[in-house]
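Next comes query38.tsv, a file with TSV, C-alpha atoms.
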chain	number	residue	atom	x	y	z
K	127	MET	CA	36.92	133.67	160.75
K	128	HIS	CA	36.66	133.99	156.97
K	129	ILE	CA	36.65	137.16	154.88
K	130	VAL	CA	34.30	136.89	151.92
K	131	TYR	CA	35.45	139.23	149.15
K	132	LEU	CA	32.82	139.87	146.46
K	133	ASP	CA	32.84	141.57	143.07
K	134	GLU	CA	30.56	141.78	140.06
K	135	SER	CA	31.21	141.54	136.34
K	136	ARG	CA	28.75	142.05	133.51
K	137	GLU	CA	28.84	140.96	129.89
K	138	GLU	CA	27.00	143.71	128.07
K	139	LYS	CA	24.76	142.99	125.10
K	140	ASN	CA	26.98	141.34	122.52
K	141	LEU	CA	25.99	140.93	118.90
K	142	ILE	CA	28.49	138.12	118.31
K	143	LYS	CA	26.54	134.92	117.84
K	144	GLY	CA	27.01	132.30	120.53
K	145	ARG	CA	27.90	134.63	123.39
K	146	ASN	CA	25.67	134.97	126.40
K	147	GLU	CA	24.71	138.26	127.99
K	148	VAL	CA	25.33	137.53	131.68
K	149	GLN	CA	25.70	139.23	135.04
K	150	VAL	CA	28.03	137.54	137.53
K	151	VAL	CA	28.62	138.19	141.21
K	152	GLY	CA	31.52	136.11	142.47
K	153	ALA	CA	33.31	135.68	145.78
K	154	VAL	CA	36.58	134.43	147.21
K	155	VAL	CA	36.24	133.00	150.72
K	156	LEU	CA	39.53	133.71	152.49
K	157	ARG	CA	40.61	132.39	155.88
K	158	ASP	CA	41.78	135.33	157.96
K	159	ARG	CA	45.13	133.66	158.63
K	160	ASP	CA	45.78	133.51	154.86
K	161	PHE	CA	45.40	137.24	154.35
K	162	GLU	CA	49.06	138.09	154.82
K	163	LEU	CA	50.07	135.35	152.38
K	164	LEU	CA	47.64	136.65	149.75
K	165	GLU	CA	48.77	140.24	150.20
K	166	MET	CA	52.41	139.28	149.84
K	167	HIS	CA	51.80	137.13	146.76
K	168	VAL	CA	49.68	139.60	144.80
K	169	GLY	CA	51.84	142.52	145.94
K	170	TYR	CA	54.93	140.71	144.67
K	171	THR	CA	53.17	139.96	141.36
K	172	ILE	CA	52.28	143.61	140.84
K	173	GLU	CA	55.81	144.73	141.69
K	174	LYS	CA	57.42	142.08	139.47
K	175	LEU	CA	55.21	142.22	136.38
K	176	ILE	CA	53.61	145.68	136.20
K	177	PRO	CA	55.94	148.50	135.11
K	178	GLU	CA	56.85	150.98	137.84
K	179	ASN	CA	55.47	154.00	135.95
K	180	ILE	CA	52.04	152.30	135.95
K	181	ARG	CA	51.90	150.91	139.48
K	182	GLN	CA	53.24	154.17	140.98
K	183	HIS	CA	50.67	156.28	139.14
K	184	PRO	CA	48.27	158.05	141.58
K	185	LYS	CA	45.27	156.63	139.70
K	186	PHE	CA	46.59	153.08	139.46
K	187	GLU	CA	43.91	150.52	140.23
K	188	PHE	CA	44.14	146.83	139.40
K	189	HIS	CA	41.19	145.80	137.22
K	190	ALA	CA	41.35	142.56	135.26
K	191	CYS	CA	39.01	143.87	132.57
K	192	GLU	CA	41.11	146.97	131.87
K	193	LEU	CA	44.32	144.95	132.03
K	194	TRP	CA	42.99	142.42	129.50
K	195	ALA	CA	41.74	145.12	127.15
K	196	GLY	CA	44.88	147.26	127.48
K	197	LYS	CA	42.82	150.27	128.50
K	198	GLU	CA	43.42	153.25	130.76
K	199	LEU	CA	46.78	152.94	132.53
K	200	PHE	CA	47.34	149.46	131.06
K	201	GLN	CA	47.67	150.66	127.46
K	202	GLY	CA	51.36	149.79	127.42
K	203	ILE	CA	50.83	146.16	128.51
K	204	ASN	CA	50.38	143.63	125.71
K	205	ARG	CA	48.12	140.58	125.84
K	206	GLY	CA	50.98	138.17	126.59
K	207	ASP	CA	52.03	140.19	129.62
K	208	ALA	CA	48.41	140.43	130.77
K	209	VAL	CA	48.18	136.62	130.68
K	210	LYS	CA	51.34	136.34	132.79
K	211	ILE	CA	50.02	138.81	135.38
K	212	LEU	CA	46.65	137.09	135.75
K	213	ASP	CA	48.23	133.64	135.76
K	214	GLU	CA	50.64	134.61	138.52
K	215	CYS	CA	47.81	136.11	140.61
K	216	LEU	CA	45.90	132.84	140.29
K	217	ASN	CA	48.90	131.00	141.73
K	218	ALA	CA	47.91	132.45	145.11
K	219	PHE	CA	45.15	129.83	145.29
K	220	GLN	CA	47.77	127.07	145.41
K	221	HIS	CA	48.84	128.25	148.85
K	222	MET	CA	45.42	128.88	150.38
K	223	GLU	CA	42.25	126.92	151.08
K	224	SER	CA	40.11	129.59	149.46
K	225	PRO	CA	37.10	128.52	147.41
K	226	VAL	CA	35.53	130.60	144.67
K	227	VAL	CA	31.74	130.74	144.36
K	228	TYR	CA	29.43	132.70	142.12
K	229	GLY	CA	25.89	133.53	141.10
K	230	VAL	CA	25.04	134.27	137.48
K	231	VAL	CA	22.02	135.74	135.75
K	232	ASN	CA	21.21	135.31	132.07
K	233	ILE	CA	20.07	138.86	131.44
K	234	PRO	CA	17.79	138.32	128.40
K	235	LYS	CA	16.14	135.30	130.04
K	236	LEU	CA	15.59	137.21	133.27
K	237	ALA	CA	13.85	139.97	131.27
K	238	GLU	CA	11.34	137.41	130.01
K	239	THR	CA	10.26	136.32	133.49
K	240	LEU	CA	7.74	137.85	135.89
K	241	TYR	CA	10.71	139.46	137.66
K	242	GLY	CA	12.19	140.95	134.50
K	243	SER	CA	12.52	144.44	135.95
K	244	ALA	CA	14.69	143.23	138.85
K	245	ASN	CA	18.24	144.55	139.24
K	246	CYS	CA	20.34	141.74	137.77
K	247	VAL	CA	23.26	142.52	140.12
K	248	ASP	CA	20.90	142.12	143.06
K	249	VAL	CA	19.67	138.75	141.74
K	250	ALA	CA	23.22	137.49	141.08
K	251	PHE	CA	24.25	138.61	144.57
K	252	ARG	CA	21.42	136.63	146.18
K	253	LEU	CA	22.44	133.53	144.24
K	254	CYS	CA	26.08	133.98	145.23
K	255	ALA	CA	25.18	134.54	148.88
K	256	LYS	CA	23.14	131.33	148.87
K	257	VAL	CA	26.14	129.35	147.60
K	258	ILE	CA	28.43	130.98	150.17
K	259	GLU	CA	26.14	129.77	152.94
K	260	GLU	CA	26.14	126.29	151.39
K	261	TRP	CA	29.93	126.28	151.51
K	262	PHE	CA	29.99	127.27	155.18
K	263	LYS	CA	27.48	124.58	156.11
K	264	GLU	CA	29.48	121.91	154.30
K	265	LYS	CA	33.10	123.00	154.82
K	266	ALA	CA	33.24	125.33	157.84
K	267	PRO	CA	30.08	124.81	159.94
K	268	ASN	CA	31.63	126.25	163.10
K	269	ASP	CA	33.08	129.39	161.48
K	270	LEU	CA	31.72	132.80	160.55
K	271	GLY	CA	32.26	135.04	157.54
K	272	LEU	CA	32.37	138.77	156.87
K	273	PHE	CA	31.11	140.14	153.52
K	274	ILE	CA	33.23	142.83	151.82
K	275	MET	CA	32.14	143.85	148.31
K	276	ASP	CA	33.70	146.19	145.77
K	277	ASP	CA	31.98	149.56	145.94
K	278	ILE	CA	29.27	150.12	143.35
K	279	ASP	CA	26.70	152.75	142.39
K	280	LYS	CA	24.39	154.01	145.13
K	281	ASP	CA	21.13	152.46	143.88
K	282	THR	CA	22.63	149.00	143.35
K	283	LYS	CA	24.39	149.20	146.71
K	284	ASN	CA	21.05	149.90	148.40
K	285	ASP	CA	19.46	146.94	146.59
K	286	ILE	CA	22.26	144.63	147.69
K	287	GLN	CA	22.22	145.86	151.29
K	288	ASN	CA	18.46	145.31	151.42
K	289	ALA	CA	18.90	141.81	149.97
K	290	PHE	CA	21.63	141.05	152.49
K	291	HIS	CA	19.50	142.09	155.46
K	292	ARG	CA	16.60	139.98	154.26
K	293	MET	CA	18.93	136.99	154.16
K	294	ARG	CA	20.91	137.85	157.30
K	295	ARG	CA	18.37	139.12	159.81
K	296	ARG	CA	19.15	141.35	162.76
K	297	VAL	CA	19.21	139.35	165.97
K	298	ASP	CA	16.84	140.75	168.59
K	299	SER	CA	16.10	137.66	170.64
K	300	SER	CA	17.77	134.70	172.30
K	301	PRO	CA	18.45	132.14	171.03
K	302	SER	CA	19.50	134.05	167.94
K	303	VAL	CA	17.70	133.59	164.62
K	304	ARG	CA	19.96	134.86	161.87
K	305	GLY	CA	17.97	133.77	158.85
K	306	PRO	CA	19.29	132.02	155.72
K	307	LEU	CA	22.81	133.48	156.08
K	308	SER	CA	23.38	131.89	159.46
K	309	HIS	CA	27.20	131.81	159.12
K	310	ILE	CA	27.63	135.47	158.18
K	311	LEU	CA	28.26	138.44	160.48
K	312	ASP	CA	25.47	140.94	160.99
K	313	ASP	CA	26.39	143.55	158.37
K	314	MET	CA	28.24	143.75	155.06
K	315	TYR	CA	30.76	146.33	153.96
K	316	PHE	CA	31.90	147.95	150.72
K	317	GLY	CA	35.54	148.64	149.93
K	318	SER	CA	37.77	149.94	147.18
K	319	SER	CA	39.47	147.52	144.82
K	320	LYS	CA	42.24	150.11	144.58
K	321	LEU	CA	43.13	149.39	148.19
K	322	SER	CA	41.97	145.80	148.73
K	323	ILE	CA	44.02	142.82	147.55
K	324	GLY	CA	41.11	140.52	148.40
K	325	ILE	CA	38.68	142.44	146.19
K	326	GLN	CA	41.30	142.41	143.42
K	327	LEU	CA	41.44	138.60	143.55
K	328	ALA	CA	37.63	138.47	143.47
K	329	ASP	CA	37.74	140.83	140.49
K	330	ILE	CA	40.09	138.49	138.58
K	331	SER	CA	38.00	135.44	139.45
K	332	THR	CA	34.69	137.03	138.49
K	333	PHE	CA	36.17	138.41	135.25
K	334	LEU	CA	37.34	134.94	134.15
K	335	ILE	CA	34.06	133.27	135.15
K	336	ARG	CA	32.05	135.86	133.24
K	337	ARG	CA	34.12	135.42	130.08
K	338	HIS	CA	33.81	131.64	130.34
K	339	LEU	CA	30.02	131.85	130.67
K	340	ALA	CA	29.78	134.42	127.88
K	341	GLY	CA	31.58	132.07	125.51
K	342	TYR	CA	35.03	133.61	125.04
K	343	SER	CA	37.92	131.28	124.24
K	344	ASP	CA	40.93	133.54	124.74
K	345	THR	CA	40.71	133.43	128.56
K	346	GLU	CA	39.69	129.78	128.76
K	347	GLU	CA	43.12	128.50	129.80
K	348	LEU	CA	43.14	130.92	132.73
K	349	TYR	CA	39.57	129.92	133.60
K	350	GLU	CA	40.55	126.23	133.61
K	351	LYS	CA	43.24	127.04	136.16
K	352	LEU	CA	40.73	128.91	138.31
K	353	SER	CA	38.06	126.22	137.93
K	354	LYS	CA	40.01	123.87	140.24
K	355	TYR	CA	39.09	126.16	143.12
K	356	ILE	CA	35.43	126.82	142.25
K	357	PHE	CA	33.15	125.26	144.84
K	358	LYS	CA	29.91	125.96	143.02
K	359	GLY	CA	28.06	128.38	140.78
K	360	LEU	CA	24.33	128.97	140.76
K	361	SER	CA	22.33	130.41	137.88
K	362	ASP	CA	18.77	131.67	137.47
K	363	PRO	CA	17.34	131.70	134.89
K	364	THR	CA	19.46	128.88	133.49
K	365	THR	CA	22.30	130.21	131.33
Transcribe the structure of this file into structure tokens.
Amino acid sequence: MHIVYLDESREEKNLIKGRNEVQVVGAVVLRDRDFELLEMHVGYTIEKLIPENIRQHPKFEFHACELWAGKELFQGINRGDAVKILDECLNAFQHMESPVVYGVVNIPKLAETLYGSANCVDVAFRLCAKVIEEWFKEKAPNDLGLFIMDDIDKDTKNDIQNAFHRMRRRVDSSPSVRGPLSHILDDMYFGSSKLSIGIQLADISTFLIRRHLAGYSDTEELYEKLSKYIFKGLSDPTT
């Protein structure tokens, strides 16, 4: 069994020339037997590198974007320390066979198409789900996966759930016909990144992928480290 942790990251409209406005949905595909290892590694990283007054705060929640920007509870953490924290979290991949996959939407280009009014998170999710199924067919054809995504606003959640159930159909006959997501269990779930180490790793991965695609250079070294574990990314329209 594999647990597929998903998160989304959006590059809002940016007036700096050369940067792309993109929406990314990314996923980390974790073998269930690697969960304890991941939890121990990221838990140790948080304990070792994040000050106690921050990590013990009732509202503490690990978000790569806020950490990088030094916002909210992370105001006391400088950029160098943020790099160390993210770098150490990425080291977890060295001990697991966990691929990273993603779907990305070029937001301005999507707006120019016949489907320009579509929810870009929904579109990026469908692309990501397609790549996840490709990975299962190629790397784990006899296994199944469970989708767990970071909780999002109600309307977008409904769009994603509807998209999921179009791709992973309810089985009401024998032999079963599951649809395009033939390696995925019959429902998906939404969790809190505050409580889920797996979602936190997906958050870091998606954050770095989004910044790479948007054209930032200051996170590129971290992205290069992550890129070793990326199975595939799919874009539409082309970024």
Write out, as CSV, each residue of stretch 272-361 of chain K that has an atom at most 7 Å from stretch 218-240 of chain K, together with the closest pair of atoms and their distance in Å to one decimal, counting all atoms listed in the file, rows going by chain and rising number.
residue,atom,partner,partner_atom,distance
K:Tyr355,CA,K:Pro225,CA,5.3
K:Ile356,CA,K:Val226,CA,4.5
K:Phe357,CA,K:Val227,CA,5.7
K:Lys358,CA,K:Val227,CA,5.3
K:Gly359,CA,K:Tyr228,CA,4.7
K:Leu360,CA,K:Gly229,CA,4.8
K:Ser361,CA,K:Val230,CA,4.7
Which residue of K:Arg304, K:His189, K:Lys265, K:Arg296 approaches K:Ala328 most closely, using only C-alpha atoms: K:His189
Between K:His291, K:Arg157, K:His338, K:Lys280, which residue has the minimum interatomic distance to K:Gly324, considering all atoms listed in the file?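 For K:Gly324, the nearest of the candidates is K:Arg157.
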Near stretch 190-206 of chain K, within 10 Å and counting all atoms listed in the file, which residues show up once chain neighbours fewer than 2 positions away are dropped, as a list in words?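 The neighbour list is Ser135, Leu175, Ile176, Pro177, Asn179, Ile180, Arg181, His183, Lys185, Phe186, Glu187, Phe188, Ala208, Val209, Lys210, Ile211, Leu212, Gln326, Leu327, Ala328, Asp329, Ile330, Ser331, Thr332, Phe333, Leu334 and Thr345 of chain K.
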For K:Tyr315: contacts at 12 Å, all atoms listed in the file, fewer than 2 positions along chain excluded, given as a ChimeraX atom specification: /K:129-132,271-278,283-284,286-287,290,311-313,317-318,325
In Å, with one decimal, what is the gap from atom CA of K:Pro306 to atom CA of K:Glu260?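 That distance, rounded to one decimal, is 9.9 Å.
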Produce the centre coordinates and the three edge lengths, each in Å to one decimal, of the box along x, y and z that contains all listed atoms of stretch 262-280 of chain K with 8 Å added on each side, as AutoDock Vina command-line options.
--center_x 29.0 --center_y 138.0 --center_z 152.7 --size_x 25.3 --size_y 48.1 --size_z 36.7
Atom CA of K:Ser302 to atom CA of K:Ala266: how many Å, to one decimal?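 Going from atom CA of K:Ser302 over to atom CA of K:Ala266, I get 19.2 Å.
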To one decimal in Å, tell me the separation between atom CA of K:Asp207 and atom CA of K:Leu348.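 Taking atom CA of K:Asp207 and atom CA of K:Leu348, their separation equals 13.2 Å.
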Neighbouring residues of stretch 244-249 of chain K were defined as those with any atom within 8 Å, considering only C-alpha atoms; residues of the same chain fewer than 2 positions away were excluded. Please report them as a list in words.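 What passes the distance filter is Glu134, Gln149, Val150, Val151, Val231, Ile233, Leu236, Tyr241, Gly242, Phe251, Arg252, Leu253, Thr282, Asp285, Ile286 and Ala289 of chain K.
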Output C-alpha atoms of each residue in that selection to a file, as a compact mmCIF listing (two decimals), in the coordinates of the input.
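After the write, part_8.txt holds the following:
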# COMPACT_ATOMS: atom_id res chain seq x y z
CA GLU K 134 30.56 141.78 140.06
CA GLN K 149 25.70 139.23 135.04
CA VAL K 150 28.03 137.54 137.53
CA VAL K 151 28.62 138.19 141.21
CA VAL K 231 22.02 135.74 135.75
CA ILE K 233 20.07 138.86 131.44
CA LEU K 236 15.59 137.21 133.27
CA TYR K 241 10.71 139.46 137.66
CA GLY K 242 12.19 140.95 134.50
CA PHE K 251 24.25 138.61 144.57
CA ARG K 252 21.42 136.63 146.18
CA LEU K 253 22.44 133.53 144.24
CA THR K 282 22.63 149.00 143.35
CA ASP K 285 19.46 146.94 146.59
CA ILE K 286 22.26 144.63 147.69
CA ALA K 289 18.90 141.81 149.97
Using only C-alpha atoms for the distances, tell me which of K:Lys354, K:Ser300, K:Tyr349, K:Gly305 is nearest to K:Asp213. K:Tyr349
Tell me which of K:Leu352, K:Leu270, K:Cys215, K:Leu339 sits closest to K:Val168, counting all atoms listed in the file.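 Answer, going by the shortest atom-to-atom distance: K:Cys215.
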